[in-house]
Amino acid sequence: MTETESTILPFANGAPQCTGVIRTTPEDFRVEEILGFDPDGEGEHILLHVEKRDSNTDWIAGLLARYAGVLRADVSYAGLKDRHAVTRQWFSIRLAGKPEPDWCAIESGEYRVLESARHGRKLRIGALKGNRFELVVREFDGSVAALESTLSAIATDGIPNYFGEQRFGVDDSNLASARALFNGELKRLKRQKRGFYLSAVRSFLFNKVLAARVEADNWNKPLAGERMMLAGTRSNFLADEIDDLILDRHAKMDIHISGPLWGRGMSMVSGAVAQLEQEVLADQDFWCEGLEQFGLKMERRALRVPVSSLDWSIEGSVLNLSFTLPKGCYATAVLRECLDYRQLSSLNPLRESRT
C-alpha cells in the first residue's frame, strides 16, 4: 500500500507479515450485493440484477436510462461498486407505463443483466444488507502461520471499521480538494463531487479517532460514555456506565462502539469517551468547522466490523479469500490487516467507492 496521511493507521493484530498483489485482473476482485429484501413482483419500477466488469456504476446507470428511454433520475442503485472488479449489483428503473425493454439486447463484455423483477419502490442508497467478496491475492509471500492467526482473530473479533483508501483519492487528492473547497478556492462544484470531498473529510476524522483507540487497545472494549450502535441499524444509545449486559451484548456483536462522523450538534458521547475524542481532534478545527459550515449534522459510525463467512485457502503463491461484510464497509479494511498488498490498477476515487 502507498502510505499517505490518511492511510498511516495502526493494525488491530500487529503489522502484517505477508505480502501480495490484488486486482491483477478484474476477476480477482468479485463483489456480490446482498439486498435486504425480495422484489415484490409488481409496481412501476423494474429491479435489474446486473453483472459488470471493469465498469463504473454511474456509467451503467446512464446506459440503462438511455436504453429504457427514461430520465437519468429514474435510474437508481443501492451503492457504488468498485470499477476494477467483477461486481453484481441491483439497479431500479422507473418505467411508469412504458414497456420493459429487452435487456439482453444491450449486453456486452462489460455488463449483462442476470435477472429482472417488478417492484413498487425506487431503490435507494443503502437499501442493502451487505456484500459478499471473493478475492484473489497473487504473488503471495510470508508467514502462513501469522496469516492464519490474524484471520482467526478477525473471524472472532471483527476488524477496525476504517474507511478505505479509495475514499481519500490518489495521494489524498480528495482531502486536497476539500481544503480548497473550505478555503473558498473551489466553487461551482457538482453536487456529487462536493459530496465526495465532504465525505473524505468526515472519513479522515473518523479514522483518526478509531486509530487512536486501536493504538490504545480499546477500539473493541467499551468505555464509560460510549454511544453504542445496534448492529445493522443506525439506532444508538448512550452508555454512561458499562455493565455486564452491555459487555455481553457487545461480545455477541449485537451492539458496537461508535465514533464520530463530524458535523453540527452535540458530540453524543460523555465521560472518558468524550474526553478521548476531544483530545484526538483538538488540532482538527479547520476540518471540523468546515464540515459544520457546509451544514453536515453530527452522526455516528460503528468502530467495529463483523466479518462473517470468512474462508481462505493458499495454492502455491495464490491466496483466495472470501467473506461477507455489512453495507458501507470496505474489503480493503480486511485485506490491510492480513497483508501488505499492492494493486496493479490505479483507482479513481471519483468513480469508485465503498461496496
# chains A, B, ... in the order shown; residues from 1 in each chain; ligands from 1

$ residues_around --residues "Phe204 of chain A" --least-positions-apart "2" --cutoff "8 Å" --atoms "only C-alpha atoms" --output "list in words"
Ser6, Phe163, Phe168, Ala200, Val201, Arg202, Phe206, Asn207 and Lys208 of chain A

$ write_last_selection --atoms "C-alpha atoms" --output "PDB file, in the first residue's frame"
ATOM      1  CA  SER A   6      -4.992   9.120   5.594  1.00  0.00           C
ATOM      2  CA  PHE A 163     -12.716   3.943   5.725  1.00  0.00           C
ATOM      3  CA  PHE A 168      -9.448   9.775   0.039  1.00  0.00           C
ATOM      4  CA  ALA A 200     -13.456  12.326   2.631  1.00  0.00           C
ATOM      5  CA  VAL A 201     -13.047  14.826   5.466  1.00  0.00           C
ATOM      6  CA  ARG A 202     -15.558  13.058   7.713  1.00  0.00           C
ATOM      7  CA  PHE A 206     -13.378   9.178  11.942  1.00  0.00           C
ATOM      8  CA  ASN A 207     -10.253   7.198  11.058  1.00  0.00           C
ATOM      9  CA  LYS A 208      -8.162   9.400  13.384  1.00  0.00           C
TER      10      LYS A 208
END

$ residues_around --residues "Thr19 of chain A" --least-positions-apart "4" --cutoff "12 Å" --atoms "only C-alpha atoms" --output "ChimeraX atom specification"
/A:1,15,137-144,146-147,317-319,335-343

$ select_by_dssp --residues "segment 82-290 of chain A" --states "helix (DSSP H, G or I)" --output "JSON, numbers by chain"
{"A": [103, 104, 105, 106, 144, 145, 146, 147, 148, 149, 150, 151, 152, 153, 154, 155, 156, 157, 165, 166, 167, 170, 171, 172, 173, 174, 175, 176, 177, 178, 179, 180, 181, 182, 191, 192, 193, 194, 195, 196, 197, 198, 199, 200, 201, 202, 203, 204, 205, 206, 207, 208, 209, 210, 211, 212, 213, 214, 215, 244, 245, 246, 247, 248, 249, 250, 251, 271, 272, 273, 274, 275, 276, 277, 278, 279, 280, 285, 286, 287, 288, 289, 290]}

$ closest_atom_pairs --of "segment 62-179 of chain A" --to "segment 193-196 of chain A" --cutoff "12 Å" --atoms "only C-alpha atoms" --output "JSON lines"
{"residue": "A:Gln166", "atom": "CA", "partner": "A:Phe196", "partner_atom": "CA", "distance": 10.7}
{"residue": "A:Arg167", "atom": "CA", "partner": "A:Phe196", "partner_atom": "CA", "distance": 7.8}
{"residue": "A:Phe168", "atom": "CA", "partner": "A:Phe196", "partner_atom": "CA", "distance": 8.7}
{"residue": "A:Gly169", "atom": "CA", "partner": "A:Phe196", "partner_atom": "CA", "distance": 9.6}
{"residue": "A:Ser173", "atom": "CA", "partner": "A:Phe196", "partner_atom": "CA", "distance": 10.9}
{"residue": "A:Asn174", "atom": "CA", "partner": "A:Phe196", "partner_atom": "CA", "distance": 7.3}
{"residue": "A:Leu175", "atom": "CA", "partner": "A:Phe196", "partner_atom": "CA", "distance": 9.5}
{"residue": "A:Ala176", "atom": "CA", "partner": "A:Phe196", "partner_atom": "CA", "distance": 11.8}
{"residue": "A:Ser177", "atom": "CA", "partner": "A:Arg194", "partner_atom": "CA", "distance": 9.0}
{"residue": "A:Ala178", "atom": "CA", "partner": "A:Arg194", "partner_atom": "CA", "distance": 8.0}
{"residue": "A:Arg179", "atom": "CA", "partner": "A:Arg194", "partner_atom": "CA", "distance": 11.5}

$ closest_residue --among "A:Ser313, A:Asn220, A:Thr332, A:Gln89" --to "Val31 of chain A" --atoms "only C-alpha atoms"
A:Gln89

$ closest_residue --among "A:Gly271, A:Ala96, A:Arg301, A:Lys187" --to "Met229 of chain A" --atoms "only C-alpha atoms"
A:Arg301

$ select_by_dssp --residues "segment 117-353 of chain A" --states "strand (DSSP E)" --output "NGL selection string"
:A and (117-119 or 128-142 or 159-160 or 226-230 or 236-239 or 255-261 or 299-302 or 304-305 or 308-315 or 318-326 or 340-343)

$ write_last_selection --atoms "C-alpha atoms" --output "mmCIF file, in the first residue's frame"
data_model
loop_
_atom_site.group_PDB
_atom_site.id
_atom_site.type_symbol
_atom_site.label_atom_id
_atom_site.label_comp_id
_atom_site.auth_asym_id
_atom_site.auth_seq_id
_atom_site.Cartn_x
_atom_site.Cartn_y
_atom_site.Cartn_z
ATOM 1 C CA ALA A 117 -38.343 -8.193 -11.469
ATOM 2 C CA ARG A 118 -41.096 -5.656 -10.837
ATOM 3 C CA HIS A 119 -41.006 -3.663 -7.616
ATOM 4 C CA LEU A 128 -28.923 -3.449 1.025
ATOM 5 C CA LYS A 129 -27.862 -5.817 3.761
ATOM 6 C CA GLY A 130 -24.235 -6.258 2.819
ATOM 7 C CA ASN A 131 -21.780 -7.575 0.255
ATOM 8 C CA ARG A 132 -20.075 -10.898 -0.394
ATOM 9 C CA PHE A 133 -16.442 -10.729 -1.556
ATOM 10 C CA GLU A 134 -14.279 -13.273 -3.356
ATOM 11 C CA LEU A 135 -10.704 -12.036 -3.680
ATOM 12 C CA VAL A 136 -7.586 -13.488 -5.290
ATOM 13 C CA VAL A 137 -4.204 -12.317 -3.996
ATOM 14 C CA ARG A 138 -1.307 -13.190 -6.305
ATOM 15 C CA GLU A 139 2.439 -13.300 -5.593
ATOM 16 C CA PHE A 140 1.553 -14.184 -2.005
ATOM 17 C CA ASP A 141 4.575 -14.471 0.259
ATOM 18 C CA GLY A 142 5.201 -14.512 4.002
ATOM 19 C CA ILE A 159 -11.827 -5.600 12.291
ATOM 20 C CA PRO A 160 -11.499 -1.854 12.851
ATOM 21 C CA GLU A 226 -19.891 5.257 24.754
ATOM 22 C CA ARG A 227 -22.544 5.806 22.114
ATOM 23 C CA MET A 228 -23.462 2.206 21.332
ATOM 24 C CA MET A 229 -24.937 1.319 17.936
ATOM 25 C CA LEU A 230 -27.271 -1.578 17.290
ATOM 26 C CA ASN A 236 -27.968 4.030 19.102
ATOM 27 C CA PHE A 237 -27.973 4.800 22.797
ATOM 28 C CA LEU A 238 -25.683 6.395 25.372
ATOM 29 C CA ALA A 239 -23.999 4.008 27.800
ATOM 30 C CA ILE A 255 -24.085 -3.707 19.629
ATOM 31 C CA HIS A 256 -20.910 -1.859 18.644
ATOM 32 C CA ILE A 257 -18.842 1.032 19.963
ATOM 33 C CA SER A 258 -19.128 4.079 17.671
ATOM 34 C CA GLY A 259 -17.027 7.004 16.519
ATOM 35 C CA PRO A 260 -17.957 10.456 15.172
ATOM 36 C CA LEU A 261 -18.982 11.377 11.649
ATOM 37 C CA GLU A 299 -23.670 11.290 13.241
ATOM 38 C CA ARG A 300 -22.028 8.098 14.449
ATOM 39 C CA ARG A 301 -20.485 5.043 12.780
ATOM 40 C CA ALA A 302 -19.571 1.698 14.320
ATOM 41 C CA ARG A 304 -16.014 -2.448 14.534
ATOM 42 C CA VAL A 305 -16.969 -4.590 11.542
ATOM 43 C CA SER A 308 -18.818 -13.355 8.527
ATOM 44 C CA SER A 309 -18.472 -16.475 6.371
ATOM 45 C CA LEU A 310 -14.711 -15.955 6.316
ATOM 46 C CA ASP A 311 -12.858 -18.609 4.330
ATOM 47 C CA TRP A 312 -9.365 -18.842 2.866
ATOM 48 C CA SER A 313 -7.029 -21.160 1.031
ATOM 49 C CA ILE A 314 -3.486 -20.974 -0.312
ATOM 50 C CA GLU A 315 -2.402 -22.652 -3.521
ATOM 51 C CA VAL A 318 -2.071 -17.557 -4.671
ATOM 52 C CA LEU A 319 -4.223 -16.678 -1.667
ATOM 53 C CA ASN A 320 -8.005 -17.000 -2.059
ATOM 54 C CA LEU A 321 -10.140 -15.053 0.415
ATOM 55 C CA SER A 322 -13.919 -14.870 0.731
ATOM 56 C CA PHE A 323 -16.062 -13.115 3.328
ATOM 57 C CA THR A 324 -19.224 -11.087 3.869
ATOM 58 C CA LEU A 325 -19.360 -7.541 5.232
ATOM 59 C CA PRO A 326 -22.249 -5.305 6.281
ATOM 60 C CA ASP A 340 0.944 -5.533 2.941
ATOM 61 C CA TYR A 341 -0.609 -5.511 -0.501
ATOM 62 C CA ARG A 342 -0.135 -3.586 -3.681
ATOM 63 C CA GLN A 343 -2.508 -3.333 -6.603
#

$ atom_distance --atom1 "atom CA of Asp102 of chain A" --atom2 "atom CA of Ala61 of chain A"
16.1 Å

$ closest_residue --among "A:Ser92, A:Ser76, A:Asn218, A:Ser235" --to "Ile46 of chain A" --atoms "only C-alpha atoms"
A:Ser92

$ atom_distance --atom1 "atom CA of Lys327 of chain A" --atom2 "atom CA of Gly232 of chain A"
8.3 Å

$ closest_residue --among "A:Ala153, A:Thr24, A:Asp283, A:Gly290" --to "Ala180 of chain A" --atoms "only C-alpha atoms"
A:Gly290

$ atom_distance --atom1 "atom CA of Pro99 of chain A" --atom2 "atom CA of Leu64 of chain A"
14.0 Å

$ closest_residue --among "A:Arg191, A:Val75, A:Lys221, A:Asn56" --to "Asp248 of chain A" --atoms "only C-alpha atoms"
A:Lys221

$ residues_around --residues "Leu71 of chain A" --least-positions-apart "2" --cutoff "10 Å" --atoms "only C-alpha atoms" --output "PyMOL selection string"
chain A and resi 62+64-66+68-69+73-75+93-95

$ residues_around --residues "Thr57 of chain A" --least-positions-apart "6" --cutoff "8 Å" --atoms "only C-alpha atoms" --output "list in words"
Leu80, Lys81, Asp82, Arg83 and Arg351 of chain A

$ closest_residue --among "A:Gly184, A:Gly20, A:Gly158, A:Pro10" --to "Val214 of chain A" --atoms "only C-alpha atoms"
A:Pro10
